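Worksheet for the structure shown next.
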There are 4 protein chains.
Amino acid sequence: MKALVYRTSDKGSGKPSWEDQPRPAVQHPEDAIVRMTTTTICGTDLHILKGDLPAVTDGRILGHEGIGIVEETGAGVTGFKRGDKVILSCVTACMKCDFCRKGMLSHCRNGGWILGNLIDGTQAEYVRIPYADGSLYHFPEGADEEAMVMLSDALPTGFECGVLNGDVKPGDSVAIVGAGPVGIAILLTAQFYSPAAIYVIDLDDNRLAIAKKYGATTTINSSDGKAAETIMQLTGGEGVDVAIEAVGIPATFDICQNIVGAGGRLANVGVHGAPVALQLEKLWDRNIALTTRLVDTVTLPMLLKVVQSGKVEPAKLITHRFAMADILKAYETFGNAAKEHALKVVLTNK
Amino acid sequence: MKALVYRTSDKGSGKPSWEDQPRPAVQHPEDAIVRMTTTTICGTDLHILKGDLPAVTDGRILGHEGIGIVEETGAGVTGFKRGDKVILSCVTACMKCDFCRKGMLSHCRNGGWILGNLIDGTQAEYVRIPYADGSLYHFPEGADEEAMVMLSDALPTGFECGVLNGDVKPGDSVAIVGAGPVGIAILLTAQFYSPAAIYVIDLDDNRLAIAKKYGATTTINSSDGKAAETIMQLTGGEGVDVAIEAVGIPATFDICQNIVGAGGRLANVGVHGAPVALQLEKLWDRNIALTTRLVDTVTLPMLLKVVQSGKVEPAKLITHRFAMADILKAYETFGNAAKEHALKVVLTNK
Amino acid sequence: MKALVYRTSDKGSGKPSWEDQPRPAVQHPEDAIVRMTTTTICGTDLHILKGDLPAVTDGRILGHEGIGIVEETGAGVTGFKRGDKVILSCVTACMKCDFCRKGMLSHCRNGGWILGNLIDGTQAEYVRIPYADGSLYHFPEGADEEAMVMLSDALPTGFECGVLNGDVKPGDSVAIVGAGPVGIAILLTAQFYSPAAIYVIDLDDNRLAIAKKYGATTTINSSDGKAAETIMQLTGGEGVDVAIEAVGIPATFDICQNIVGAGGRLANVGVHGAPVALQLEKLWDRNIALTTRLVDTVTLPMLLKVVQSGKVEPAKLITHRFAMADILKAYETFGNAAKEHALKVVLTNK
Amino acid sequence: MKALVYRTSDKGSGKPSWEDQPRPAVQHPEDAIVRMTTTTICGTDLHILKGDLPAVTDGRILGHEGIGIVEETGAGVTGFKRGDKVILSCVTACMKCDFCRKGMLSHCRNGGWILGNLIDGTQAEYVRIPYADGSLYHFPEGADEEAMVMLSDALPTGFECGVLNGDVKPGDSVAIVGAGPVGIAILLTAQFYSPAAIYVIDLDDNRLAIAKKYGATTTINSSDGKAAETIMQLTGGEGVDVAIEAVGIPATFDICQNIVGAGGRLANVGVHGAPVALQLEKLWDRNIALTTRLVDTVTLPMLLKVVQSGKVEPAKLITHRFAMADILKAYETFGNAAKEHALKVVLTNK
């Protein structure tokens, strides 16, 4: 079969390669083999190509999102059978370990985020899914594949790490720092709880325009270095109820810690590569909560119901569409997201 | 009347002075004047003497804890009358502003922690308590004054900022970094929730011995710089469910961030004077919550019930007793806490 | 001044009378006198007229909702002054007692629901509001009086007793039994949380049409006695996540207990005059929660923010408008709500 | 092998029979066969013998609690292997269905409470456990079997249905109606949260004496019909924060609904066979929550940690011990619990 393989160079980074690879087979009784019909590229895949995730080694098939058809199941799989159309979670969950039992599927002792990371992933014609009963979800009849593929990772990441951890409530003021795919997923799902104000902050006016269109009440271009100041003025010096970090660098974290109001929540969603200077000398008496989270996708069934009810249209995140065979072109587009005005790119194989 | 007054020197710091001061009078309809019978000295008072809180100015009467008898009330006070014996909260609360309505009395728009800070305090024969209905509590008949004075600040601080924010649950593993009065208050109140293990960490073996006596399951002297390592070994590499910072310096915060397990809580209680380096590059995917809090004393009524039921003996925190007239000696003892083996010192005026 | 007075007859019931009454004056330091500009009639007022609330005695001025202008304040009132435009809460709250401190303002030791019940109410040119600081809210500049008067009682009742107690969550299925003013208030505020399905059940097709217009996904006329059966079919035999009782009789309660799914919530909002037969033999193992609540109006500030943000339009509840002098006509209309197609009637005095 | 079999008579009820039965074998990949070393008899088993649970048919091996050694596992079992010593949960959980994912294992689509009910149970030399990975727990090395067998059902039932659903908090007043094994399990586990007062109510002075010994602050014999009145006097007319029903008849439920205070919780634990008259005309405005629950045993790992830490000694529940071969004698003793002063009886097979 054909698959998108990570090939490392001498310099520590790597590049995507569309190659022939052996078709995966059931290895354990709880495995399923899925034929992929739709997949997508995640910002994390670009990080891998830059060499930021050294655990990903040469030859790995990338990708951890997708829709497909079950091709084969191990003897221990009881919830799925050949021919079932499925949504793949980016998280592999045994559902039996202590973390799975607590709903922390991301920290599953036997899985977690391993797809396209420690085992071969979904940017391929076929993929092996361990613990299929815990990691696959039935695709609702008649649903839209483009909407559903957003449930693999993008929408639950925004919702769980940003909106739920930030405890967004009706009437709240919410600031989202970063308007990339995850920031927009936060924006869409924050509206489930009817906040009164949603401030979206980014350096890119095109992304801010999208944010405005999708529900931001105010957008702020932070290139002048005054985003925090602006938010404090807009909130009468009080700061926001919820500040959500969706980039992953000290500068955007700083905006968040400077605007979170007394009693507020700071939900970190971004993937950080370096420490940040937490201003505890200012925050120790502010009664705030700062949270971190790797997406658990435990809300996937809830999100599926909300999507099916029409209250949110996750396909809004999709800006570009490709055939899976053109995935290298898709990587190029997604790698130049700002220039290409790209949020999520979708790949189909039909 | 006599009072303990903060007198600044040229160097920015100051010293305590026991002086004659005018007796306070009702200024607003919601004020009460209380004759003090018991008070105590808080670590924060020492910080003031060192010049760490510049908002406290020369001539200020210190103290924000105590038991007393209501001497006089303004026309708007409905819950208390002359002769009532009362517990004073360290927090002045109007009970009407938005923060008070949310239970964040510490951030009361008209009060908060102002006693012995922005207005004259309780280390005096008399004190004026603004918003008396929100800031005083009836002293239970027959109760022990030494136990009750711990409800002004020490016990609620440990309980609210440490135990409640840390969400201590039955069976949890809890680490308390710092075994001073606040650390011991955390230790006593954490046991309300039956954790399975309580690790207490400090540099002072005497304090660790007290911790052991009062419920710590393991004590660790961190002077070898290996406290975090030791905790990780003791927890099989998992880390603790709850790490509570009760000192207020980067080194103790670091222990906490290095031992908090996946899905755990890090409750900051210490008063910090400098930023800390938060290792977001390690913590972003650990599903933790880090909290800060200035004590609200909203749990004072709950704590009072627990104390009255005999489930906790807060007087255990008291190591030294003085007459109020000997308060300068008490400051000296408390200022040399390690040498004097002091936790809380109590002053009475009867 | 003119006021709507409850006059009892021999039979135990009574009738409304528009009479001259003495203008109220400040009696306690925490009182305010408010000149009413807008008020409304509540279903509870009709209950009083029927003699269902024997605590309400002959001569009582009715009404517990409204907007007005502060005319005079007692010495203890600090948050409001003459000339301030205010929203009146139906609940009088001292903010100091144990219940107020827990957010259970409805059970305030010194207040609770007393307006137009145990003390004179708001269907008058002037009203005395005890504990004004706890019971009044500033009217936002430029806001719509018709929207704001719904915050006195109708909207918080639906939201607190129905939606919050029912713990409505994104993707949930919700059934609202009763489409009167409170049922519609539940319908509007349930949508703050993006449920996937809202079933509204009533006997009156006109009210069901309104429900449909305002967000019900399905409406069911229960006059055939098969509402529960229908809901069970629509939910594939699972029942709903949240069943909300908004009538107050055994028949409607029965629908709720027959449709609440395993793990679901049954929020009672209706005022009941008789016991109900709770089918514990069927429900004991269904992991449900059944709640009751008298509105606390603690969410008034939150609701105000949501209304101001445009996420809900409470004026939708208003079907009829009268001058205050025509209040007897308004009572007639509201008393024949079904025939008159009435939900809320509004009275203005300008 | 030998097993305790339910044999029905003509009259609809039945009797226990100690008989030879075929030894169970693995039927599905997720099954395990466990050799029983310790088991116990539950009140529910007596209900079965009385014919109260018609789903239990002639020939069924009873029992849903126990400790044993894994004898054999299906190909899909990954967490256990032959020779492992295990605690059996009374609940069979697939861990994959929607209810298991919500933590409602009791409502597992593929399991729930089926042991000794719909499939053969644990009062036998061997038992087949479906979904072994979700339904078994590793026995901690060196632990006490008598303590651990209480974790199969008794302790989690008291804790989950009574204490957690009742939301017992430090300083609370708690009333437990019924001092049988479940009532005493509630009493023991309520103390995890340091309530100030625990009232235990029963008709049997012997059981009340045990309750007193195990932590009840007050015991009340309700044979005079005045238990509710007494509680109201003891609580100054306020009622209790938490009322827990642990019998399952209207009379004991009535005590609960008459003593639950405003804002309180009524946790039903008892198995009811008939409806109760819920006094909604008194309770509609009392802001209470009434809960029901079939034990999920999701807290088994937490309870195990608390037991191991020595904070609770569940073996206190055990009053009688028998060899498994003497199980008919054990049934007789347990069937005359009041006369025999029996709480839990334990059966061992070694």
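Scheme for the structure tokens: letters A, B, ... for chains in order shown; per-chain residue numbers from 1; ligand numbers from 1 in order shown.
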Would you write out, as JSON lines, a table of all residues in chain C that have an atom no more than 7 Å from an atom of chain A, listing for each the closest atom pair and the distance in Å to one decimal, considering only C-alpha atoms and ordering rows by chain and rising residue number?
```
{"residue": "C:Pro170", "atom": "CA", "partner": "A:Val306", "partner_atom": "CA", "distance": 6.3}
{"residue": "C:Gly171", "atom": "CA", "partner": "A:Val306", "partner_atom": "CA", "distance": 4.6}
{"residue": "C:Phe192", "atom": "CA", "partner": "A:Ser194", "partner_atom": "CA", "distance": 5.2}
{"residue": "C:Tyr193", "atom": "CA", "partner": "A:Tyr193", "partner_atom": "CA", "distance": 4.9}
{"residue": "C:Ser194", "atom": "CA", "partner": "A:Phe192", "partner_atom": "CA", "distance": 5.2}
{"residue": "C:Ala196", "atom": "CA", "partner": "A:Ser309", "partner_atom": "CA", "distance": 5.0}
{"residue": "C:Met302", "atom": "CA", "partner": "A:Gly171", "partner_atom": "CA", "distance": 5.5}
{"residue": "C:Leu303", "atom": "CA", "partner": "A:Gly171", "partner_atom": "CA", "distance": 6.9}
{"residue": "C:Lys305", "atom": "CA", "partner": "A:Gly171", "partner_atom": "CA", "distance": 4.9}
{"residue": "C:Val306", "atom": "CA", "partner": "A:Gly171", "partner_atom": "CA", "distance": 4.6}
{"residue": "C:Ser309", "atom": "CA", "partner": "A:Ala196", "partner_atom": "CA", "distance": 5.0}
{"residue": "C:Lys311", "atom": "CA", "partner": "A:Ser194", "partner_atom": "CA", "distance": 6.8}
```
Write out the residues from the selection above, keeping all heavy atoms, as a PDB file, in the first residue's frame.
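Written file, part_24.pdb:
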```
ATOM      1  N   PRO C 170     -23.779  20.160  26.784  1.00  0.00           N
ATOM      2  CA  PRO C 170     -23.775  20.053  25.324  1.00  0.00           C
ATOM      3  C   PRO C 170     -24.088  18.617  24.883  1.00  0.00           C
ATOM      4  O   PRO C 170     -23.558  17.658  25.443  1.00  0.00           O
ATOM      5  CB  PRO C 170     -22.335  20.440  24.957  1.00  0.00           C
ATOM      6  CG  PRO C 170     -21.903  21.371  26.057  1.00  0.00           C
ATOM      7  CD  PRO C 170     -22.557  20.812  27.292  1.00  0.00           C
ATOM      8  N   GLY C 171     -24.956  18.501  23.898  1.00  0.00           N
ATOM      9  CA  GLY C 171     -25.292  17.190  23.361  1.00  0.00           C
ATOM     10  C   GLY C 171     -26.396  16.469  24.097  1.00  0.00           C
ATOM     11  O   GLY C 171     -26.874  15.425  23.635  1.00  0.00           O
ATOM     12  N   PHE C 192     -28.332  27.905  26.468  1.00  0.00           N
ATOM     13  CA  PHE C 192     -26.983  28.395  26.818  1.00  0.00           C
ATOM     14  C   PHE C 192     -25.966  27.259  26.746  1.00  0.00           C
ATOM     15  O   PHE C 192     -24.778  27.511  26.610  1.00  0.00           O
ATOM     16  CB  PHE C 192     -26.933  28.924  28.255  1.00  0.00           C
ATOM     17  CG  PHE C 192     -27.742  30.149  28.524  1.00  0.00           C
ATOM     18  CD1 PHE C 192     -27.864  30.638  29.822  1.00  0.00           C
ATOM     19  CD2 PHE C 192     -28.391  30.836  27.518  1.00  0.00           C
ATOM     20  CE1 PHE C 192     -28.596  31.769  30.097  1.00  0.00           C
ATOM     21  CE2 PHE C 192     -29.140  31.975  27.786  1.00  0.00           C
ATOM     22  CZ  PHE C 192     -29.241  32.449  29.084  1.00  0.00           C
ATOM     23  N   TYR C 193     -26.427  26.014  26.919  1.00  0.00           N
ATOM     24  CA  TYR C 193     -25.512  24.881  27.028  1.00  0.00           C
ATOM     25  C   TYR C 193     -25.554  23.933  25.830  1.00  0.00           C
ATOM     26  O   TYR C 193     -25.043  22.820  25.907  1.00  0.00           O
ATOM     27  CB  TYR C 193     -25.805  24.102  28.322  1.00  0.00           C
ATOM     28  CG  TYR C 193     -25.508  24.906  29.560  1.00  0.00           C
ATOM     29  CD1 TYR C 193     -26.503  25.583  30.245  1.00  0.00           C
ATOM     30  CD2 TYR C 193     -24.201  25.005  30.025  1.00  0.00           C
ATOM     31  CE1 TYR C 193     -26.219  26.338  31.366  1.00  0.00           C
ATOM     32  CE2 TYR C 193     -23.907  25.761  31.148  1.00  0.00           C
ATOM     33  CZ  TYR C 193     -24.921  26.427  31.819  1.00  0.00           C
ATOM     34  OH  TYR C 193     -24.629  27.176  32.926  1.00  0.00           O
ATOM     35  N   SER C 194     -26.211  24.345  24.738  1.00  0.00           N
ATOM     36  CA  SER C 194     -26.173  23.591  23.484  1.00  0.00           C
ATOM     37  C   SER C 194     -26.597  22.132  23.586  1.00  0.00           C
ATOM     38  O   SER C 194     -25.906  21.225  23.103  1.00  0.00           O
ATOM     39  CB  SER C 194     -24.759  23.659  22.883  1.00  0.00           C
ATOM     40  OG  SER C 194     -24.305  24.984  22.833  1.00  0.00           O
ATOM     41  N   ALA C 196     -28.536  18.787  22.444  1.00  0.00           N
ATOM     42  CA  ALA C 196     -28.804  18.340  21.066  1.00  0.00           C
ATOM     43  C   ALA C 196     -30.305  18.305  20.779  1.00  0.00           C
ATOM     44  O   ALA C 196     -30.739  18.567  19.662  1.00  0.00           O
ATOM     45  CB  ALA C 196     -28.190  16.962  20.840  1.00  0.00           C
ATOM     46  N   MET C 302     -25.004  36.938  36.203  1.00  0.00           N
ATOM     47  CA  MET C 302     -24.587  36.152  35.044  1.00  0.00           C
ATOM     48  C   MET C 302     -25.611  36.295  33.913  1.00  0.00           C
ATOM     49  O   MET C 302     -25.244  36.537  32.750  1.00  0.00           O
ATOM     50  CB  MET C 302     -24.471  34.678  35.446  1.00  0.00           C
ATOM     51  CG  MET C 302     -24.164  33.749  34.275  1.00  0.00           C
ATOM     52  SD  MET C 302     -24.519  32.003  34.636  1.00  0.00           S
ATOM     53  CE  MET C 302     -22.908  31.396  35.120  1.00  0.00           C
ATOM     54  N   LEU C 303     -26.879  36.174  34.243  1.00  0.00           N
ATOM     55  CA  LEU C 303     -27.926  36.286  33.225  1.00  0.00           C
ATOM     56  C   LEU C 303     -27.901  37.663  32.588  1.00  0.00           C
ATOM     57  O   LEU C 303     -28.111  37.810  31.374  1.00  0.00           O
ATOM     58  CB  LEU C 303     -29.297  35.999  33.852  1.00  0.00           C
ATOM     59  CG  LEU C 303     -29.521  34.541  34.247  1.00  0.00           C
ATOM     60  CD1 LEU C 303     -30.752  34.411  35.136  1.00  0.00           C
ATOM     61  CD2 LEU C 303     -29.673  33.664  33.003  1.00  0.00           C
ATOM     62  N   LYS C 305     -25.361  39.485  32.074  1.00  0.00           N
ATOM     63  CA  LYS C 305     -24.288  39.531  31.067  1.00  0.00           C
ATOM     64  C   LYS C 305     -24.693  38.795  29.791  1.00  0.00           C
ATOM     65  O   LYS C 305     -24.389  39.242  28.688  1.00  0.00           O
ATOM     66  CB  LYS C 305     -23.000  38.935  31.649  1.00  0.00           C
ATOM     67  CG  LYS C 305     -22.311  39.860  32.644  1.00  0.00           C
ATOM     68  CD  LYS C 305     -20.928  39.364  33.035  1.00  0.00           C
ATOM     69  CE  LYS C 305     -20.988  38.290  34.091  1.00  0.00           C
ATOM     70  NZ  LYS C 305     -19.659  37.813  34.518  1.00  0.00           N
ATOM     71  N   VAL C 306     -25.373  37.660  29.945  1.00  0.00           N
ATOM     72  CA  VAL C 306     -25.778  36.914  28.754  1.00  0.00           C
ATOM     73  C   VAL C 306     -26.818  37.712  27.961  1.00  0.00           C
ATOM     74  O   VAL C 306     -26.747  37.803  26.729  1.00  0.00           O
ATOM     75  CB  VAL C 306     -26.318  35.512  29.113  1.00  0.00           C
ATOM     76  CG1 VAL C 306     -26.618  34.731  27.848  1.00  0.00           C
ATOM     77  CG2 VAL C 306     -25.325  34.749  29.974  1.00  0.00           C
ATOM     78  N   SER C 309     -25.216  40.459  26.088  1.00  0.00           N
ATOM     79  CA  SER C 309     -24.418  40.007  24.946  1.00  0.00           C
ATOM     80  C   SER C 309     -25.287  39.600  23.767  1.00  0.00           C
ATOM     81  O   SER C 309     -24.783  39.292  22.683  1.00  0.00           O
ATOM     82  CB  SER C 309     -23.548  38.813  25.354  1.00  0.00           C
ATOM     83  OG  SER C 309     -24.326  37.629  25.420  1.00  0.00           O
ATOM     84  N   LYS C 311     -27.220  36.926  23.546  1.00  0.00           N
ATOM     85  CA  LYS C 311     -27.354  35.474  23.341  1.00  0.00           C
ATOM     86  C   LYS C 311     -28.747  34.966  23.704  1.00  0.00           C
ATOM     87  O   LYS C 311     -29.089  33.815  23.420  1.00  0.00           O
ATOM     88  CB  LYS C 311     -26.338  34.703  24.213  1.00  0.00           C
ATOM     89  CG  LYS C 311     -24.914  35.075  23.994  1.00  0.00           C
ATOM     90  CD  LYS C 311     -24.196  34.071  23.109  1.00  0.00           C
ATOM     91  CE  LYS C 311     -22.727  34.418  22.985  1.00  0.00           C
ATOM     92  NZ  LYS C 311     -22.312  34.772  21.639  1.00  0.00           N
TER      93      LYS C 311
END
```
- Message: Need to verify the contact set: B:Ala190, 7 Å, only C-alpha atoms, exclusion of same-chain residues closer than 3 positions in sequence. Can you return it as a ChimeraX atom specification?
- Response: /B:163,168,186-187,193
Could the residues in this selection be saved with N, CA and C atoms as an mmCIF file, in the first residue's frame?
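So again_38.cif came out as:
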```
data_model
loop_
_atom_site.group_PDB
_atom_site.id
_atom_site.type_symbol
_atom_site.label_atom_id
_atom_site.label_comp_id
_atom_site.auth_asym_id
_atom_site.auth_seq_id
_atom_site.Cartn_x
_atom_site.Cartn_y
_atom_site.Cartn_z
ATOM 1 N N VAL B 163 -5.620 22.502 50.858
ATOM 2 C CA VAL B 163 -6.376 21.246 50.815
ATOM 3 C C VAL B 163 -7.524 21.313 49.813
ATOM 4 N N VAL B 168 -7.795 17.356 47.775
ATOM 5 C CA VAL B 168 -7.348 16.125 48.437
ATOM 6 C C VAL B 168 -8.533 15.169 48.582
ATOM 7 N N ILE B 186 -2.027 22.790 56.929
ATOM 8 C CA ILE B 186 -2.391 21.963 55.766
ATOM 9 C C ILE B 186 -2.416 20.490 56.185
ATOM 10 N N LEU B 187 -1.385 20.091 56.910
ATOM 11 C CA LEU B 187 -1.291 18.697 57.352
ATOM 12 C C LEU B 187 -2.523 18.291 58.182
ATOM 13 N N TYR B 193 -9.890 14.507 54.756
ATOM 14 C CA TYR B 193 -10.295 13.756 53.564
ATOM 15 C C TYR B 193 -9.625 12.392 53.438
#
```
| request: Enumerate, as a VMD selection string, the complete set of residues in stretch 264-324 of chain B that a backbone-based DSSP assignment places in alpha helix (DSSP H). | output: chain B and resid 280 to 283 300 to 308
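Across A:Ser223, A:Thr348, A:Ser135, A:Ser9, the tightest approach to A:Thr92 is made by A:Ser135 when counting only C-alpha atoms.
Minimum atom-to-atom distances from C:Ala175, C:Val345, C:Cys108, C:Ile119 to C:Ile327 were compared using only C-alpha atoms, and the lowest value belongs to C:Val345.
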field: Spatial neighbours of D:Ala185, max dist 12 Å, only C-alpha atoms, sep filter under 5 positions, as an MDAnalysis selection string
entry: chainID D and resid 150:151 153:163 176 178:180 190:192 200 210:211 214:216 244 246 269 303 312:318 343:344
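Using only C-alpha atoms, the shortest contact distance between D:Lys102 and any of C:Pro140, C:Gly335, C:Gly264, C:Pro275 is found at C:Gly264.
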| as an MDAnalysis selection string, which residues of stretch 29-85 of chain C does DSSP assign to strand (DSSP E or B)? | chainID C and resid 32:40 61 66:73 85
When you look at C:Leu347 with a cut-off of 10 Å (counting only C-alpha atoms), what residues show up, excluding the ones that are within fewer than 4 positions of it in the same chain? I need them as a list in words. Met36, Thr37, Thr38, Thr39, Thr40, Ile41, Gly66, Gln123, Glu146, His320, Arg321, Phe322, Ala323, Met324, Ala325, Asp326, Ile327 and Ala330 of chain C
Fewer than 5 positions away in the same chain doesn't count, so skip those; otherwise give me all residues within 12 Å of A:Leu136, counting only C-alpha atoms, as a PDB file with C-alpha atoms, in the first residue's frame.
```pdb
ATOM      1  CA  GLU A  30      -7.753  -6.374  20.216  1.00  0.00           C
ATOM      2  CA  ASP A  31      -6.410  -4.876  16.973  1.00  0.00           C
ATOM      3  CA  ALA A  32      -8.436  -3.730  14.003  1.00  0.00           C
ATOM      4  CA  ILE A  33      -7.187  -2.937  10.524  1.00  0.00           C
ATOM      5  CA  VAL A  34      -8.915   0.085   9.003  1.00  0.00           C
ATOM      6  CA  GLU A  65      -6.694  11.424  12.499  1.00  0.00           C
ATOM      7  CA  GLY A  66      -9.143   9.925  10.108  1.00  0.00           C
ATOM      8  CA  ILE A  67     -12.248   8.157   8.916  1.00  0.00           C
ATOM      9  CA  GLY A  68     -12.187   4.655   7.482  1.00  0.00           C
ATOM     10  CA  ILE A  69     -13.780   1.267   6.990  1.00  0.00           C
ATOM     11  CA  VAL A  70     -12.941  -1.674   9.223  1.00  0.00           C
ATOM     12  CA  THR A  73     -10.610  -7.371  13.497  1.00  0.00           C
ATOM     13  CA  VAL A  77     -12.714  -6.958  19.315  1.00  0.00           C
ATOM     14  CA  THR A  78     -16.405  -7.016  20.174  1.00  0.00           C
ATOM     15  CA  GLY A  79     -17.738  -3.587  19.211  1.00  0.00           C
ATOM     16  CA  PHE A  80     -16.708  -3.474  15.542  1.00  0.00           C
ATOM     17  CA  LYS A  81     -16.751  -5.793  12.565  1.00  0.00           C
ATOM     18  CA  ASP A  84     -18.116  -0.799   9.811  1.00  0.00           C
ATOM     19  CA  LYS A  85     -17.411   2.819   9.013  1.00  0.00           C
ATOM     20  CA  VAL A  86     -15.475   4.422  11.865  1.00  0.00           C
ATOM     21  CA  ILE A  87     -14.062   7.611  13.283  1.00  0.00           C
ATOM     22  CA  LEU A  88     -10.520   7.084  14.590  1.00  0.00           C
ATOM     23  CA  SER A  89      -9.504   8.781  17.800  1.00  0.00           C
ATOM     24  CA  CYS A  90      -5.978  10.172  17.871  1.00  0.00           C
ATOM     25  CA  VAL A  91      -5.708   8.455  21.261  1.00  0.00           C
ATOM     26  CA  THR A  92      -5.335   4.693  21.614  1.00  0.00           C
ATOM     27  CA  ALA A  93      -7.084   3.590  24.808  1.00  0.00           C
ATOM     28  CA  CYS A  94      -7.056   0.159  26.430  1.00  0.00           C
ATOM     29  CA  MET A  95      -9.984   1.285  28.675  1.00  0.00           C
ATOM     30  CA  ARG A 128      -3.575  -0.946  12.416  1.00  0.00           C
ATOM     31  CA  ILE A 129      -5.529   0.333  15.419  1.00  0.00           C
ATOM     32  CA  PRO A 130      -4.642  -1.364  18.732  1.00  0.00           C
ATOM     33  CA  TYR A 131      -7.399  -1.637  21.361  1.00  0.00           C
ATOM     34  CA  LEU A 151     -13.541  14.747  15.824  1.00  0.00           C
ATOM     35  CA  SER A 152     -10.350  12.663  15.672  1.00  0.00           C
ATOM     36  CA  THR A 297     -10.929  12.496  23.311  1.00  0.00           C
ATOM     37  CA  VAL A 298     -13.305  11.380  26.067  1.00  0.00           C
ATOM     38  CA  LEU A 300     -15.828  12.550  21.311  1.00  0.00           C
ATOM     39  CA  PRO A 301     -19.296  10.996  21.839  1.00  0.00           C
TER      40      PRO A 301
ATOM     41  CA  LYS D  96     -16.222  -0.089  26.322  1.00  0.00           C
ATOM     42  CA  CYS D  97     -19.925   0.788  26.219  1.00  0.00           C
TER      43      CYS D  97
END
```
